[in-house]
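Student: Below is the file model35.json, which contains JSON, N, CA and C atoms.
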```json
[["chain", "number", "residue", "atom", "x", "y", "z"],
["A", 465, "MET", "N", 13.06, 2.70, -21.90],
["A", 465, "MET", "CA", 13.70, 3.51, -20.86],
["A", 465, "MET", "C", 12.68, 3.78, -19.75],
["A", 466, "THR", "N", 13.04, 3.43, -18.55],
["A", 466, "THR", "CA", 12.20, 3.68, -17.38],
["A", 466, "THR", "C", 12.46, 5.10, -16.89],
["A", 467, "ALA", "N", 11.41, 5.77, -16.48],
["A", 467, "ALA", "CA", 11.56, 7.15, -16.00],
["A", 467, "ALA", "C", 12.35, 7.17, -14.69],
["A", 468, "VAL", "N", 13.19, 8.19, -14.56],
["A", 468, "VAL", "CA", 13.93, 8.36, -13.31],
["A", 468, "VAL", "C", 13.00, 8.93, -12.24],
["A", 469, "THR", "N", 13.32, 8.67, -10.99],
["A", 469, "THR", "CA", 12.51, 9.17, -9.88],
["A", 469, "THR", "C", 12.84, 10.64, -9.63],
["A", 470, "PRO", "N", 11.97, 11.33, -8.92],
["A", 470, "PRO", "CA", 12.27, 12.74, -8.58],
["A", 470, "PRO", "C", 13.60, 12.88, -7.84],
["A", 471, "ARG", "N", 13.94, 11.95, -6.95],
["A", 471, "ARG", "CA", 15.21, 12.03, -6.21],
["A", 471, "ARG", "C", 16.39, 11.83, -7.16],
["A", 472, "GLU", "N", 16.27, 10.88, -8.09],
["A", 472, "GLU", "CA", 17.33, 10.67, -9.07],
["A", 472, "GLU", "C", 17.51, 11.91, -9.93],
["A", 473, "ARG", "N", 16.41, 12.54, -10.33],
["A", 473, "ARG", "CA", 16.48, 13.77, -11.11],
["A", 473, "ARG", "C", 17.19, 14.86, -10.33],
["A", 474, "GLU", "N", 16.87, 14.98, -9.05],
["A", 474, "GLU", "CA", 17.50, 15.98, -8.20],
["A", 474, "GLU", "C", 19.01, 15.75, -8.10],
["A", 475, "ILE", "N", 19.39, 14.50, -7.92],
["A", 475, "ILE", "CA", 20.81, 14.17, -7.79],
["A", 475, "ILE", "C", 21.54, 14.41, -9.10],
["A", 476, "ILE", "N", 20.94, 14.06, -10.22],
["A", 476, "ILE", "CA", 21.56, 14.32, -11.52],
["A", 476, "ILE", "C", 21.77, 15.82, -11.71],
["A", 477, "GLY", "N", 20.80, 16.61, -11.28],
["A", 477, "GLY", "CA", 20.95, 18.07, -11.37],
["A", 477, "GLY", "C", 22.14, 18.57, -10.57],
["A", 478, "TRP", "N", 22.33, 18.04, -9.37],
["A", 478, "TRP", "CA", 23.49, 18.43, -8.57],
["A", 478, "TRP", "C", 24.78, 17.94, -9.21],
["A", 479, "MET", "N", 24.76, 16.75, -9.83],
["A", 479, "MET", "CA", 25.93, 16.26, -10.54],
["A", 479, "MET", "C", 26.30, 17.20, -11.68],
["A", 480, "ALA", "N", 25.29, 17.67, -12.40],
["A", 480, "ALA", "CA", 25.53, 18.59, -13.51],
["A", 480, "ALA", "C", 26.13, 19.90, -13.02],
["A", 481, "ALA", "N", 25.84, 20.25, -11.77],
["A", 481, "ALA", "CA", 26.40, 21.47, -11.17],
["A", 481, "ALA", "C", 27.81, 21.24, -10.63],
["A", 482, "GLY", "N", 28.32, 20.01, -10.78],
["A", 482, "GLY", "CA", 29.69, 19.71, -10.39],
["A", 482, "GLY", "C", 29.88, 19.20, -8.98],
["A", 483, "LYS", "N", 28.81, 18.82, -8.32],
["A", 483, "LYS", "CA", 28.90, 18.35, -6.94],
["A", 483, "LYS", "C", 29.29, 16.87, -6.89],
["A", 484, "THR", "N", 30.06, 16.51, -5.86],
["A", 484, "THR", "CA", 30.44, 15.11, -5.64],
["A", 484, "THR", "C", 29.33, 14.41, -4.87],
["A", 485, "ALA", "N", 29.44, 13.08, -4.78],
["A", 485, "ALA", "CA", 28.45, 12.32, -4.02],
["A", 485, "ALA", "C", 28.42, 12.77, -2.56],
["A", 486, "ALA", "N", 29.59, 13.05, -2.00],
["A", 486, "ALA", "CA", 29.65, 13.51, -0.61],
["A", 486, "ALA", "C", 28.96, 14.86, -0.45],
["A", 487, "GLU", "N", 29.21, 15.76, -1.39],
["A", 487, "GLU", "CA", 28.57, 17.09, -1.33],
["A", 487, "GLU", "C", 27.06, 16.99, -1.51],
["A", 488, "ILE", "N", 26.63, 16.16, -2.46],
["A", 488, "ILE", "CA", 25.20, 15.97, -2.68],
["A", 488, "ILE", "C", 24.56, 15.37, -1.44],
["A", 489, "GLY", "N", 25.23, 14.41, -0.84],
["A", 489, "GLY", "CA", 24.72, 13.80, 0.39],
["A", 489, "GLY", "C", 24.53, 14.82, 1.49],
["A", 490, "ALA", "N", 25.50, 15.72, 1.63],
["A", 490, "ALA", "CA", 25.39, 16.77, 2.66],
["A", 490, "ALA", "C", 24.24, 17.73, 2.34],
["A", 491, "ILE", "N", 24.09, 18.08, 1.08],
["A", 491, "ILE", "CA", 23.02, 19.00, 0.67],
["A", 491, "ILE", "C", 21.64, 18.38, 0.94],
["A", 492, "LEU", "N", 21.50, 17.10, 0.63],
["A", 492, "LEU", "CA", 20.20, 16.43, 0.73],
["A", 492, "LEU", "C", 20.01, 15.70, 2.07],
["A", 493, "ALA", "N", 21.02, 15.75, 2.93],
["A", 493, "ALA", "CA", 20.98, 15.09, 4.24],
["A", 493, "ALA", "C", 20.76, 13.59, 4.11],
["A", 494, "ILE", "N", 21.50, 12.98, 3.16],
["A", 494, "ILE", "CA", 21.49, 11.53, 3.00],
["A", 494, "ILE", "C", 22.94, 11.06, 2.91],
["A", 495, "ALA", "N", 23.16, 9.77, 3.11],
["A", 495, "ALA", "CA", 24.52, 9.22, 3.06],
["A", 495, "ALA", "C", 25.05, 9.21, 1.62],
["A", 496, "PRO", "N", 26.35, 9.45, 1.45],
["A", 496, "PRO", "CA", 26.92, 9.39, 0.10],
["A", 496, "PRO", "C", 26.68, 8.05, -0.60],
["A", 497, "ILE", "N", 26.65, 6.96, 0.15],
["A", 497, "ILE", "CA", 26.38, 5.66, -0.48],
["A", 497, "ILE", "C", 24.96, 5.61, -1.05],
["A", 498, "THR", "N", 24.05, 6.30, -0.41],
["A", 498, "THR", "CA", 22.68, 6.39, -0.93],
["A", 498, "THR", "C", 22.66, 7.20, -2.22],
["A", 499, "VAL", "N", 23.44, 8.27, -2.24],
["A", 499, "VAL", "CA", 23.58, 9.07, -3.47],
["A", 499, "VAL", "C", 24.10, 8.17, -4.59],
["A", 500, "ASN", "N", 25.14, 7.39, -4.30],
["A", 500, "ASN", "CA", 25.71, 6.50, -5.31],
["A", 500, "ASN", "C", 24.72, 5.45, -5.78],
["A", 501, "THR", "N", 23.86, 4.98, -4.89],
["A", 501, "THR", "CA", 22.82, 4.02, -5.28],
["A", 501, "THR", "C", 21.85, 4.66, -6.25],
["A", 502, "HIS", "N", 21.43, 5.89, -5.96],
["A", 502, "HIS", "CA", 20.53, 6.61, -6.88],
["A", 502, "HIS", "C", 21.20, 6.82, -8.24],
["A", 503, "ILE", "N", 22.48, 7.16, -8.22],
["A", 503, "ILE", "CA", 23.22, 7.37, -9.47],
["A", 503, "ILE", "C", 23.27, 6.06, -10.26],
["A", 504, "ALA", "N", 23.58, 4.96, -9.59],
["A", 504, "ALA", "CA", 23.65, 3.66, -10.28],
["A", 504, "ALA", "C", 22.30, 3.29, -10.87],
["A", 505, "ASN", "N", 21.24, 3.52, -10.12],
["A", 505, "ASN", "CA", 19.89, 3.21, -10.63],
["A", 505, "ASN", "C", 19.55, 4.06, -11.84],
["A", 506, "ALA", "N", 19.88, 5.35, -11.79],
["A", 506, "ALA", "CA", 19.60, 6.25, -12.91],
["A", 506, "ALA", "C", 20.42, 5.85, -14.14],
["A", 507, "LYS", "N", 21.68, 5.47, -13.94],
["A", 507, "LYS", "CA", 22.51, 5.02, -15.07],
["A", 507, "LYS", "C", 21.90, 3.80, -15.73],
["A", 508, "ALA", "N", 21.42, 2.86, -14.93],
["A", 508, "ALA", "CA", 20.80, 1.66, -15.48],
["A", 508, "ALA", "C", 19.53, 2.00, -16.27],
["A", 509, "LYS", "N", 18.74, 2.91, -15.72],
["A", 509, "LYS", "CA", 17.49, 3.30, -16.39],
["A", 509, "LYS", "C", 17.75, 3.99, -17.72],
["A", 510, "LEU", "N", 18.81, 4.79, -17.79],
["A", 510, "LEU", "CA", 19.11, 5.53, -19.01],
["A", 510, "LEU", "C", 20.07, 4.79, -19.93],
["A", 511, "GLY", "N", 20.55, 3.62, -19.48],
["A", 511, "GLY", "CA", 21.40, 2.79, -20.33],
["A", 511, "GLY", "C", 22.79, 3.36, -20.57],
["A", 512, "VAL", "N", 23.35, 4.00, -19.55],
["A", 512, "VAL", "CA", 24.70, 4.56, -19.67],
["A", 512, "VAL", "C", 25.60, 3.95, -18.59],
["A", 513, "PHE", "N", 26.91, 4.16, -18.76],
["A", 513, "PHE", "CA", 27.86, 3.51, -17.86],
["A", 513, "PHE", "C", 28.71, 4.47, -17.04],
["A", 514, "THR", "N", 28.74, 5.75, -17.40],
["A", 514, "THR", "CA", 29.54, 6.71, -16.65],
["A", 514, "THR", "C", 28.67, 7.84, -16.15],
["A", 515, "GLU", "N", 29.18, 8.56, -15.16],
["A", 515, "GLU", "CA", 28.43, 9.69, -14.63],
["A", 515, "GLU", "C", 28.33, 10.82, -15.65],
["A", 516, "THR", "N", 29.38, 11.02, -16.43],
["A", 516, "THR", "CA", 29.33, 12.04, -17.48],
["A", 516, "THR", "C", 28.25, 11.71, -18.50],
["A", 517, "ALA", "N", 28.19, 10.44, -18.90],
["A", 517, "ALA", "CA", 27.17, 10.01, -19.85],
["A", 517, "ALA", "C", 25.77, 10.14, -19.25],
["A", 518, "LEU", "N", 25.67, 9.94, -17.94],
["A", 518, "LEU", "CA", 24.37, 10.09, -17.27],
["A", 518, "LEU", "C", 23.87, 11.52, -17.37],
["A", 519, "VAL", "N", 24.75, 12.48, -17.07],
["A", 519, "VAL", "CA", 24.36, 13.88, -17.15],
["A", 519, "VAL", "C", 24.02, 14.25, -18.58],
["A", 520, "ALA", "N", 24.82, 13.79, -19.54],
["A", 520, "ALA", "CA", 24.56, 14.08, -20.95],
["A", 520, "ALA", "C", 23.21, 13.51, -21.39],
["A", 521, "ALA", "N", 22.93, 12.27, -21.01],
["A", 521, "ALA", "CA", 21.65, 11.64, -21.39],
["A", 521, "ALA", "C", 20.49, 12.37, -20.74],
["A", 522, "ALA", "N", 20.66, 12.80, -19.50],
["A", 522, "ALA", "CA", 19.60, 13.53, -18.81],
["A", 522, "ALA", "C", 19.32, 14.86, -19.51],
["A", 523, "LEU", "N", 20.37, 15.54, -19.94],
["A", 523, "LEU", "CA", 20.19, 16.80, -20.67],
["A", 523, "LEU", "C", 19.50, 16.54, -22.01],
["A", 524, "ARG", "N", 19.98, 15.54, -22.72],
["A", 524, "ARG", "CA", 19.43, 15.20, -24.03],
["A", 524, "ARG", "C", 17.95, 14.83, -23.97],
["A", 525, "ASN", "N", 17.57, 14.13, -22.90],
["A", 525, "ASN", "CA", 16.19, 13.66, -22.76],
["A", 525, "ASN", "C", 15.28, 14.63, -22.00],
["A", 526, "GLY", "N", 15.78, 15.82, -21.67],
["A", 526, "GLY", "CA", 14.96, 16.80, -20.99],
["A", 526, "GLY", "C", 14.68, 16.50, -19.53],
["A", 527, "ILE", "N", 15.46, 15.60, -18.94],
["A", 527, "ILE", "CA", 15.28, 15.25, -17.54],
["A", 527, "ILE", "C", 15.75, 16.39, -16.65],
["A", 528, "ILE", "N", 16.85, 17.02, -17.07],
["A", 528, "ILE", "CA", 17.35, 18.22, -16.39],
["A", 528, "ILE", "C", 17.60, 19.28, -17.46],
["A", 529, "ARG", "N", 17.77, 20.51, -17.00],
["A", 529, "ARG", "CA", 18.08, 21.60, -17.93],
["A", 529, "ARG", "C", 19.47, 22.11, -17.71]]
```
How would this structure read if it were set down as C-alpha cells?
Tutor:
Amino acid sequence: MTAVTPREREIIGWMAAGKTAAEIGAILAIAPITVNTHIANAKAKLGVFTETALVAAALRNGIIR
C-alpha cells in the first residue's frame, strides 16, 4: 500500500464529513475534476473501488479520524 498524499488525506477527510466533490473543490479552491482525480488516486493506493470503501479504509488505517 502506497501512502496517500497530504492533499488526498485532506479530501478523504472532507468526504467523511459528507461533502461532495463540488463542495470540496469550492472549499479547497480547486476544480471538482481535480478532487475526483485525487479520490481515484487514493482509491487505487488503498485498493478499494468505492468512495464509501475509501473512507472506511482510511479510518481503519488511521489515515483520518
Student: At what distance in Å, to one decimal, does CA of Ala480 (chain A) lie from atom N of Thr501 (chain A)?
Tutor: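 Value for the atom N of Thr501 (chain A)-CA of Ala480 (chain A) distance: 16.2 Å.
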Student: Hey, which of A:Ala506, A:Leu492, A:Ile497, A:Val512 ends up closest to Trp478 (chain A)? Count only C-alpha atoms.
Tutor: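 Closest residue, counting only C-alpha atoms: A:Leu492.
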Student: Could you check which of A:Met479, A:Ala485, A:Ile494, A:Ala508 is closest to Leu523 (chain A), using only C-alpha atoms?
Tutor: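 Of all the options, A:Met479 lies closest to Leu523 (chain A).
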Student: Out of A:Ala490, A:Ile476, A:Arg471, A:Ala481, which residue has the shortest atom-to-atom distance to Ala522 (chain A) when counting only N, CA and C atoms?
Tutor: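 Once distances to Ala522 (chain A) are computed over only N, CA and C atoms, the minimum belongs to A:Ile476.
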Student: Which residues, written as a PyMOL selection string, have at least one atom at most 8 Å from Thr469 (chain A), with only N, CA and C atoms counted and residues fewer than 5 positions away on the same chain left out?
Tutor: chain A and resi 474-475+505-506
Student: Between CA of Ala493 (chain A) and CA of Gly511 (chain A), measure the distance and give it in Å to one decimal.
Tutor: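 Rounded to one decimal, the two atoms are 27.5 Å apart.
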